[in-house]
Amino acid sequence: MLEEKLMSFSLMGAEWVLWLLVGLSVVCFGVAVERWIYQALNRSPRAALQGALNAFLTGGSSDDLAGALKGMKGMEARVLAAGLEAAVEGGSEAAEEVIAGNLKFEKQKLSRGLIIIGTTGSNAPFVGLFGTVLGIIKAFHDLGVGTDEAATAVMGGISEALVATAVGLMVAIPAVVLYNYFQTRNKTLVAELESMSHLLLSRFKGHHATAPAPRAVGA
C-alpha cells in the first residue's frame with residue numbers, strides 16, 4: 001500500500017518541482033527588494049549625522065545633539081538618541097546598556113527575511129536534483145510500458161528531468177549572492193553604528209574624540 005502511494009507520487013514527474021523552484025525564486029527576489037527598500041528608508045543622512053556628532057564631541061551640548069538627532073530618520077539616529085538620553089539621565093553605564101539593547105533590536109530588523117534567501121540558496125540545488133530523480137523515475141516507468149514510442153519518450157523524459165537540476169542551480173546561485181551581499185552590508189552598517197556609539201559614550205566618560213567619516217555602503 002505504501003509502495004503504491006510512493007510510486008504514484010514519483011510518477012508525478014518533475015513539473016511541480018520546477019514550479020516550486022520558480023516560486024522560491026520569486027519569493028527571494030521579493031525579499032531582496034523589500035530588504036533594499038527597508039535599508040534605504042532607514043538610513044540616517046550621513047553628512048548631517050556626522051556634523052552633529054562631531055559638534056558634540058568637540059564641546060557641543062547634549063541638547064543640541066538631541067535636537068539634531070530628533071530631526072533625523074534612520075536607525076543610527078534612533079540608537080544614538082536613545083543612548084544620549086540614557087547617558088544624560090543615568091550616566092555612561094546606563095547608556096551602554098540602552099545602546100546594546102537597541103543595537104540588538106536593529107540587528108534583528110536588518111536580518112528579517114534573510115533566512116528565506118539563505119535557505120533557498122543552500123537547498124535549491126537539492127530540490128532541483130529531487131525533481132530530476134522524479135523525472136527519471138517517471139521516464140523509466142514509461143519505458144517499462146513497452147510501447148513502440150517508449151524508447152523515444154524516455155529520452156525526452158530524461159532530458160526534461162535534467163532541466164530541474166539546472167533550474168535549481170539557477171535559483172541557488174543568485175540567492176547565495178544576495179544572502180552574502182545583505183549579510184556583509186548589515187555587518188558594515190552595524191559596525192559603523194557601534195563605532196559612533198562608542199564615540200558618543202567617550203564624551204560622557206571624559207575622553208575627547210572626533211567621529212571618523214563613515215565608509216559609504218553600496219546601495
# chains A, B, ... in the order shown; residues from 1 in each chain; ligands from 1
call {"tool": "residues_around", "arguments": {"residues": "stretch 127-132 of chain A", "least_positions_apart": "3", "cutoff": "6 Å", "atoms": "only C-alpha atoms", "output": "list in words"}}
result
Ala14, Val17, Ala124, Gly135, Ala161, Leu162, Ala164, Thr165 and Gly168 of chain A
call {"tool": "write_last_selection", "arguments": {"atoms": "N, CA and C atoms", "output": "tab-separated table (two decimals), in the first residue's frame"}}
result
chain	number	residue	atom	x	y	z
A	14	ALA	N	8.67	15.85	-12.68
A	14	ALA	CA	9.43	16.99	-12.17
A	14	ALA	C	8.75	18.33	-12.38
A	17	VAL	N	8.05	20.33	-9.28
A	17	VAL	CA	9.29	20.80	-8.67
A	17	VAL	C	9.78	22.06	-9.36
A	124	ALA	N	18.14	24.91	-2.84
A	124	ALA	CA	17.57	24.85	-4.19
A	124	ALA	C	18.24	23.78	-5.08
A	135	GLY	N	11.78	12.82	-12.29
A	135	GLY	CA	11.60	12.77	-13.74
A	135	GLY	C	12.17	11.51	-14.36
A	161	ALA	N	13.87	15.98	-17.28
A	161	ALA	CA	14.16	15.83	-15.86
A	161	ALA	C	15.43	16.57	-15.47
A	162	LEU	N	16.45	16.54	-16.36
A	162	LEU	CA	17.71	17.22	-16.05
A	162	LEU	C	17.55	18.73	-15.97
A	164	ALA	N	15.44	20.21	-14.26
A	164	ALA	CA	15.17	20.55	-12.86
A	164	ALA	C	16.46	20.87	-12.11
A	165	THR	N	17.52	20.09	-12.38
A	165	THR	CA	18.81	20.36	-11.73
A	165	THR	C	19.36	21.71	-12.17
A	168	GLY	N	17.44	24.43	-10.52
A	168	GLY	CA	17.82	24.52	-9.11
A	168	GLY	C	19.08	25.34	-8.91
call {"tool": "closest_atom_pairs", "arguments": {"of": "stretch 66-162 of chain A", "to": "stretch 188-202 of chain A", "cutoff": "9 Å", "atoms": "only C-alpha atoms", "output": "CSV"}}
result
residue,atom,partner,partner_atom,distance
A:Met75,CA,A:Leu193,CA,8.7
A:Glu76,CA,A:Leu193,CA,6.1
A:Val79,CA,A:Ser197,CA,8.0
A:Leu80,CA,A:Ser197,CA,6.4
A:Gly83,CA,A:Ser197,CA,7.7
A:Leu84,CA,A:Leu200,CA,7.6
A:Ala87,CA,A:Leu201,CA,7.8
A:Ser92,CA,A:Leu201,CA,6.2
A:Glu93,CA,A:Leu201,CA,9.0
A:Ala95,CA,A:Leu201,CA,7.5
A:Glu96,CA,A:Leu201,CA,7.5
A:Ile99,CA,A:Ser197,CA,7.3
A:Ala100,CA,A:Glu194,CA,8.9
A:Leu103,CA,A:Val190,CA,7.7
A:Glu106,CA,A:Val190,CA,8.5
A:Lys107,CA,A:Val190,CA,7.3
call {"tool": "write_last_selection", "arguments": {"atoms": "N, CA and C atoms", "output": "PDB file, in the first residue's frame"}}
result
ATOM      1  N   MET A  75      18.041  54.329  11.581  1.00  0.00           N
ATOM      2  CA  MET A  75      18.398  53.550  12.763  1.00  0.00           C
ATOM      3  C   MET A  75      19.570  54.166  13.526  1.00  0.00           C
ATOM      4  N   GLU A  76      20.515  54.794  12.829  1.00  0.00           N
ATOM      5  CA  GLU A  76      21.637  55.412  13.520  1.00  0.00           C
ATOM      6  C   GLU A  76      21.151  56.509  14.465  1.00  0.00           C
ATOM      7  N   VAL A  79      19.270  54.942  17.557  1.00  0.00           N
ATOM      8  CA  VAL A  79      20.140  54.331  18.566  1.00  0.00           C
ATOM      9  C   VAL A  79      20.921  55.399  19.323  1.00  0.00           C
ATOM     10  N   LEU A  80      21.498  56.341  18.601  1.00  0.00           N
ATOM     11  CA  LEU A  80      22.274  57.385  19.264  1.00  0.00           C
ATOM     12  C   LEU A  80      21.406  58.261  20.155  1.00  0.00           C
ATOM     13  N   GLY A  83      20.722  56.331  23.318  1.00  0.00           N
ATOM     14  CA  GLY A  83      21.922  56.308  24.150  1.00  0.00           C
ATOM     15  C   GLY A  83      22.205  57.653  24.792  1.00  0.00           C
ATOM     16  N   LEU A  84      22.007  58.729  24.050  1.00  0.00           N
ATOM     17  CA  LEU A  84      22.232  60.073  24.591  1.00  0.00           C
ATOM     18  C   LEU A  84      21.275  60.365  25.733  1.00  0.00           C
ATOM     19  N   ALA A  87      22.353  58.433  28.750  1.00  0.00           N
ATOM     20  CA  ALA A  87      23.587  58.964  29.326  1.00  0.00           C
ATOM     21  C   ALA A  87      23.325  60.214  30.152  1.00  0.00           C
ATOM     22  N   SER A  92      27.043  56.952  31.802  1.00  0.00           N
ATOM     23  CA  SER A  92      27.560  56.172  30.676  1.00  0.00           C
ATOM     24  C   SER A  92      27.207  54.696  30.762  1.00  0.00           C
ATOM     25  N   GLU A  93      27.134  54.158  31.972  1.00  0.00           N
ATOM     26  CA  GLU A  93      26.820  52.730  32.101  1.00  0.00           C
ATOM     27  C   GLU A  93      25.393  52.438  31.622  1.00  0.00           C
ATOM     28  N   ALA A  95      23.775  54.237  29.521  1.00  0.00           N
ATOM     29  CA  ALA A  95      23.765  54.456  28.075  1.00  0.00           C
ATOM     30  C   ALA A  95      24.282  53.228  27.325  1.00  0.00           C
ATOM     31  N   GLU A  96      25.325  52.597  27.872  1.00  0.00           N
ATOM     32  CA  GLU A  96      25.862  51.397  27.227  1.00  0.00           C
ATOM     33  C   GLU A  96      24.806  50.303  27.142  1.00  0.00           C
ATOM     34  N   ILE A  99      22.131  51.349  24.513  1.00  0.00           N
ATOM     35  CA  ILE A  99      22.659  51.231  23.156  1.00  0.00           C
ATOM     36  C   ILE A  99      22.763  49.763  22.747  1.00  0.00           C
ATOM     37  N   ALA A 100      23.257  48.919  23.649  1.00  0.00           N
ATOM     38  CA  ALA A 100      23.384  47.494  23.342  1.00  0.00           C
ATOM     39  C   ALA A 100      22.016  46.879  23.044  1.00  0.00           C
ATOM     40  N   LEU A 103      20.798  48.187  19.667  1.00  0.00           N
ATOM     41  CA  LEU A 103      21.570  47.590  18.584  1.00  0.00           C
ATOM     42  C   LEU A 103      21.084  46.175  18.271  1.00  0.00           C
ATOM     43  N   GLU A 106      17.881  46.465  16.371  1.00  0.00           N
ATOM     44  CA  GLU A 106      18.096  46.895  14.990  1.00  0.00           C
ATOM     45  C   GLU A 106      18.711  45.780  14.148  1.00  0.00           C
ATOM     46  N   LYS A 107      19.590  44.979  14.745  1.00  0.00           N
ATOM     47  CA  LYS A 107      20.181  43.846  14.027  1.00  0.00           C
ATOM     48  C   LYS A 107      19.097  42.860  13.606  1.00  0.00           C
TER      49      LYS A 107
END
call {"tool": "atom_distance", "arguments": {"atom1": "atom CA of A:Leu24", "atom2": "atom CA of A:Asn180"}}
result
17.5 Å
call {"tool": "residues_around", "arguments": {"residues": "A:Val33", "least_positions_apart": "4", "cutoff": "12 Å", "atoms": "only C-alpha atoms", "output": "PyMOL selection string"}}
result
chain A and resi 26-29+37-40+113-114+117+178+182+219
call {"tool": "closest_residue", "arguments": {"among": "A:Val163, A:Ala94, A:Leu110, A:Ile158", "to": "A:Phe204", "atoms": "only C-alpha atoms"}}
result
A:Ala94
call {"tool": "closest_residue", "arguments": {"among": "A:Ala166, A:Ile173, A:Leu20, A:Val98", "to": "A:Gly118", "atoms": "only C-alpha atoms"}}
result
A:Ile173
call {"tool": "closest_residue", "arguments": {"among": "A:Ser122, A:Ser44, A:Ser159, A:Ser111", "to": "A:Tyr181", "atoms": "only C-alpha atoms"}}
result
A:Ser111
call {"tool": "closest_residue", "arguments": {"among": "A:Thr58, A:Ser25, A:Asn102, A:Thr184", "to": "A:Met170", "atoms": "only C-alpha atoms"}}
result
A:Ser25
call {"tool": "atom_distance", "arguments": {"atom1": "atom CA of A:Gly60", "atom2": "atom CA of A:Lys73"}}
result
21.1 Å
call {"tool": "atom_distance", "arguments": {"atom1": "atom CA of A:Ala52", "atom2": "atom CA of A:Gly67"}}
result
9.5 Å
call {"tool": "decode", "arguments": {"residues": "stretch 55-184 of chain A", "atoms": "C-alpha atoms", "output": "PDB file, in the first residue's frame"}}
result
ATOM      1  CA  ALA A  55      29.987  69.153  17.048  1.00  0.00           C
ATOM      2  CA  PHE A  56      29.025  67.279  20.215  1.00  0.00           C
ATOM      3  CA  LEU A  57      32.419  65.587  20.547  1.00  0.00           C
ATOM      4  CA  THR A  58      34.228  68.909  20.216  1.00  0.00           C
ATOM      5  CA  GLY A  59      32.332  70.516  23.090  1.00  0.00           C
ATOM      6  CA  GLY A  60      28.760  70.882  21.875  1.00  0.00           C
ATOM      7  CA  SER A  61      25.827  70.491  24.235  1.00  0.00           C
ATOM      8  CA  SER A  62      23.720  67.391  24.694  1.00  0.00           C
ATOM      9  CA  ASP A  63      20.605  69.398  23.930  1.00  0.00           C
ATOM     10  CA  ASP A  64      21.957  70.437  20.535  1.00  0.00           C
ATOM     11  CA  LEU A  65      22.806  66.844  19.640  1.00  0.00           C
ATOM     12  CA  ALA A  66      19.449  65.594  20.912  1.00  0.00           C
ATOM     13  CA  GLY A  67      17.646  68.191  18.807  1.00  0.00           C
ATOM     14  CA  ALA A  68      19.648  67.269  15.717  1.00  0.00           C
ATOM     15  CA  LEU A  69      19.010  63.556  16.194  1.00  0.00           C
ATOM     16  CA  LYS A  70      15.333  64.104  16.791  1.00  0.00           C
ATOM     17  CA  GLY A  71      15.005  65.700  13.376  1.00  0.00           C
ATOM     18  CA  MET A  72      16.653  62.753  11.613  1.00  0.00           C
ATOM     19  CA  LYS A  73      15.212  59.458  10.494  1.00  0.00           C
ATOM     20  CA  GLY A  74      17.067  56.162  10.405  1.00  0.00           C
ATOM     21  CA  MET A  75      18.398  53.550  12.763  1.00  0.00           C
ATOM     22  CA  GLU A  76      21.637  55.412  13.520  1.00  0.00           C
ATOM     23  CA  ALA A  77      19.727  58.436  14.793  1.00  0.00           C
ATOM     24  CA  ARG A  78      17.355  56.235  16.819  1.00  0.00           C
ATOM     25  CA  VAL A  79      20.140  54.331  18.566  1.00  0.00           C
ATOM     26  CA  LEU A  80      22.274  57.385  19.264  1.00  0.00           C
ATOM     27  CA  ALA A  81      19.284  59.367  20.522  1.00  0.00           C
ATOM     28  CA  ALA A  82      18.333  56.575  22.925  1.00  0.00           C
ATOM     29  CA  GLY A  83      21.922  56.308  24.150  1.00  0.00           C
ATOM     30  CA  LEU A  84      22.232  60.073  24.591  1.00  0.00           C
ATOM     31  CA  GLU A  85      19.024  60.259  26.601  1.00  0.00           C
ATOM     32  CA  ALA A  86      20.147  57.393  28.833  1.00  0.00           C
ATOM     33  CA  ALA A  87      23.587  58.964  29.326  1.00  0.00           C
ATOM     34  CA  VAL A  88      22.115  62.305  30.364  1.00  0.00           C
ATOM     35  CA  GLU A  89      19.726  60.686  32.825  1.00  0.00           C
ATOM     36  CA  GLY A  90      21.727  57.723  34.128  1.00  0.00           C
ATOM     37  CA  GLY A  91      25.340  58.073  33.076  1.00  0.00           C
ATOM     38  CA  SER A  92      27.560  56.172  30.676  1.00  0.00           C
ATOM     39  CA  GLU A  93      26.820  52.730  32.101  1.00  0.00           C
ATOM     40  CA  ALA A  94      23.096  53.128  31.560  1.00  0.00           C
ATOM     41  CA  ALA A  95      23.765  54.456  28.075  1.00  0.00           C
ATOM     42  CA  GLU A  96      25.862  51.397  27.227  1.00  0.00           C
ATOM     43  CA  GLU A  97      23.013  49.083  28.208  1.00  0.00           C
ATOM     44  CA  VAL A  98      20.455  51.080  26.238  1.00  0.00           C
ATOM     45  CA  ILE A  99      22.659  51.231  23.156  1.00  0.00           C
ATOM     46  CA  ALA A 100      23.384  47.494  23.342  1.00  0.00           C
ATOM     47  CA  GLY A 101      19.672  46.719  23.615  1.00  0.00           C
ATOM     48  CA  ASN A 102      18.753  48.983  20.714  1.00  0.00           C
ATOM     49  CA  LEU A 103      21.570  47.590  18.584  1.00  0.00           C
ATOM     50  CA  LYS A 104      20.319  44.052  19.111  1.00  0.00           C
ATOM     51  CA  PHE A 105      16.821  45.148  18.124  1.00  0.00           C
ATOM     52  CA  GLU A 106      18.096  46.895  14.990  1.00  0.00           C
ATOM     53  CA  LYS A 107      20.181  43.846  14.027  1.00  0.00           C
ATOM     54  CA  GLN A 108      17.085  41.682  14.187  1.00  0.00           C
ATOM     55  CA  LYS A 109      15.178  44.084  11.965  1.00  0.00           C
ATOM     56  CA  LEU A 110      18.050  44.207   9.465  1.00  0.00           C
ATOM     57  CA  SER A 111      18.182  40.401   9.266  1.00  0.00           C
ATOM     58  CA  ARG A 112      14.446  39.885   8.911  1.00  0.00           C
ATOM     59  CA  GLY A 113      13.632  37.678   5.926  1.00  0.00           C
ATOM     60  CA  LEU A 114      17.235  36.822   5.069  1.00  0.00           C
ATOM     61  CA  ILE A 115      16.743  33.273   6.340  1.00  0.00           C
ATOM     62  CA  ILE A 116      14.416  32.715   3.369  1.00  0.00           C
ATOM     63  CA  ILE A 117      17.119  33.751   0.907  1.00  0.00           C
ATOM     64  CA  GLY A 118      19.815  31.769   2.725  1.00  0.00           C
ATOM     65  CA  THR A 119      17.705  28.631   2.973  1.00  0.00           C
ATOM     66  CA  THR A 120      16.767  28.834  -0.702  1.00  0.00           C
ATOM     67  CA  GLY A 121      20.378  29.332  -1.728  1.00  0.00           C
ATOM     68  CA  SER A 122      21.591  26.298   0.210  1.00  0.00           C
ATOM     69  CA  ASN A 123      18.724  23.950  -0.675  1.00  0.00           C
ATOM     70  CA  ALA A 124      17.568  24.845  -4.190  1.00  0.00           C
ATOM     71  CA  PRO A 125      20.171  22.536  -5.841  1.00  0.00           C
ATOM     72  CA  PHE A 126      18.860  19.612  -3.799  1.00  0.00           C
ATOM     73  CA  VAL A 127      15.277  20.469  -4.725  1.00  0.00           C
ATOM     74  CA  GLY A 128      16.311  20.520  -8.379  1.00  0.00           C
ATOM     75  CA  LEU A 129      18.099  17.184  -8.000  1.00  0.00           C
ATOM     76  CA  PHE A 130      14.974  15.758  -6.372  1.00  0.00           C
ATOM     77  CA  GLY A 131      12.967  16.867  -9.392  1.00  0.00           C
ATOM     78  CA  THR A 132      15.497  15.213 -11.700  1.00  0.00           C
ATOM     79  CA  VAL A 133      15.218  11.925  -9.815  1.00  0.00           C
ATOM     80  CA  LEU A 134      11.430  12.031 -10.023  1.00  0.00           C
ATOM     81  CA  GLY A 135      11.601  12.774 -13.737  1.00  0.00           C
ATOM     82  CA  ILE A 136      13.949   9.876 -14.391  1.00  0.00           C
ATOM     83  CA  ILE A 137      11.742   7.519 -12.386  1.00  0.00           C
ATOM     84  CA  LYS A 138       8.776   8.547 -14.496  1.00  0.00           C
ATOM     85  CA  ALA A 139      10.778   8.191 -17.718  1.00  0.00           C
ATOM     86  CA  PHE A 140      11.864   4.644 -16.922  1.00  0.00           C
ATOM     87  CA  HIS A 141       8.371   3.760 -15.803  1.00  0.00           C
ATOM     88  CA  ASP A 142       7.132   4.883 -19.214  1.00  0.00           C
ATOM     89  CA  LEU A 143       9.853   2.767 -20.806  1.00  0.00           C
ATOM     90  CA  GLY A 144       8.584  -0.221 -18.900  1.00  0.00           C
ATOM     91  CA  VAL A 145       5.186   0.126 -20.507  1.00  0.00           C
ATOM     92  CA  GLY A 146       6.746  -1.351 -23.634  1.00  0.00           C
ATOM     93  CA  THR A 147       5.064   0.711 -26.355  1.00  0.00           C
ATOM     94  CA  ASP A 148       6.794   1.454 -29.652  1.00  0.00           C
ATOM     95  CA  GLU A 149       7.214   5.094 -28.717  1.00  0.00           C
ATOM     96  CA  ALA A 150       8.520   4.315 -25.222  1.00  0.00           C
ATOM     97  CA  ALA A 151      12.232   4.483 -26.087  1.00  0.00           C
ATOM     98  CA  THR A 152      11.867   7.883 -27.700  1.00  0.00           C
ATOM     99  CA  ALA A 153       9.680   9.127 -24.884  1.00  0.00           C
ATOM    100  CA  VAL A 154      12.139   8.071 -22.178  1.00  0.00           C
ATOM    101  CA  MET A 155      14.991  10.069 -23.744  1.00  0.00           C
ATOM    102  CA  GLY A 156      12.789  13.133 -23.869  1.00  0.00           C
ATOM    103  CA  GLY A 157      11.688  12.495 -20.290  1.00  0.00           C
ATOM    104  CA  ILE A 158      15.275  12.261 -19.021  1.00  0.00           C
ATOM    105  CA  SER A 159      16.176  15.451 -20.868  1.00  0.00           C
ATOM    106  CA  GLU A 160      13.263  17.271 -19.261  1.00  0.00           C
ATOM    107  CA  ALA A 161      14.164  15.832 -15.860  1.00  0.00           C
ATOM    108  CA  LEU A 162      17.712  17.218 -16.049  1.00  0.00           C
ATOM    109  CA  VAL A 163      16.235  20.674 -16.520  1.00  0.00           C
ATOM    110  CA  ALA A 164      15.169  20.553 -12.860  1.00  0.00           C
ATOM    111  CA  THR A 165      18.806  20.360 -11.727  1.00  0.00           C
ATOM    112  CA  ALA A 166      19.753  23.271 -13.973  1.00  0.00           C
ATOM    113  CA  VAL A 167      16.862  25.377 -12.683  1.00  0.00           C
ATOM    114  CA  GLY A 168      17.816  24.519  -9.113  1.00  0.00           C
ATOM    115  CA  LEU A 169      21.299  25.898  -9.703  1.00  0.00           C
ATOM    116  CA  MET A 170      19.896  28.968 -11.465  1.00  0.00           C
ATOM    117  CA  VAL A 171      17.795  29.712  -8.385  1.00  0.00           C
ATOM    118  CA  ALA A 172      20.510  28.892  -5.846  1.00  0.00           C
ATOM    119  CA  ILE A 173      23.385  30.961  -7.235  1.00  0.00           C
ATOM    120  CA  PRO A 174      21.616  34.379  -7.196  1.00  0.00           C
ATOM    121  CA  ALA A 175      20.123  33.545  -3.779  1.00  0.00           C
ATOM    122  CA  VAL A 176      23.587  32.866  -2.326  1.00  0.00           C
ATOM    123  CA  VAL A 177      24.936  36.079  -3.847  1.00  0.00           C
ATOM    124  CA  LEU A 178      22.044  38.101  -2.424  1.00  0.00           C
ATOM    125  CA  TYR A 179      22.389  36.496   1.001  1.00  0.00           C
ATOM    126  CA  ASN A 180      26.127  37.225   1.191  1.00  0.00           C
ATOM    127  CA  TYR A 181      25.548  40.776  -0.044  1.00  0.00           C
ATOM    128  CA  PHE A 182      22.984  41.594   2.624  1.00  0.00           C
ATOM    129  CA  GLN A 183      24.947  39.865   5.373  1.00  0.00           C
ATOM    130  CA  THR A 184      28.065  41.874   4.515  1.00  0.00           C
TER     131      THR A 184
END
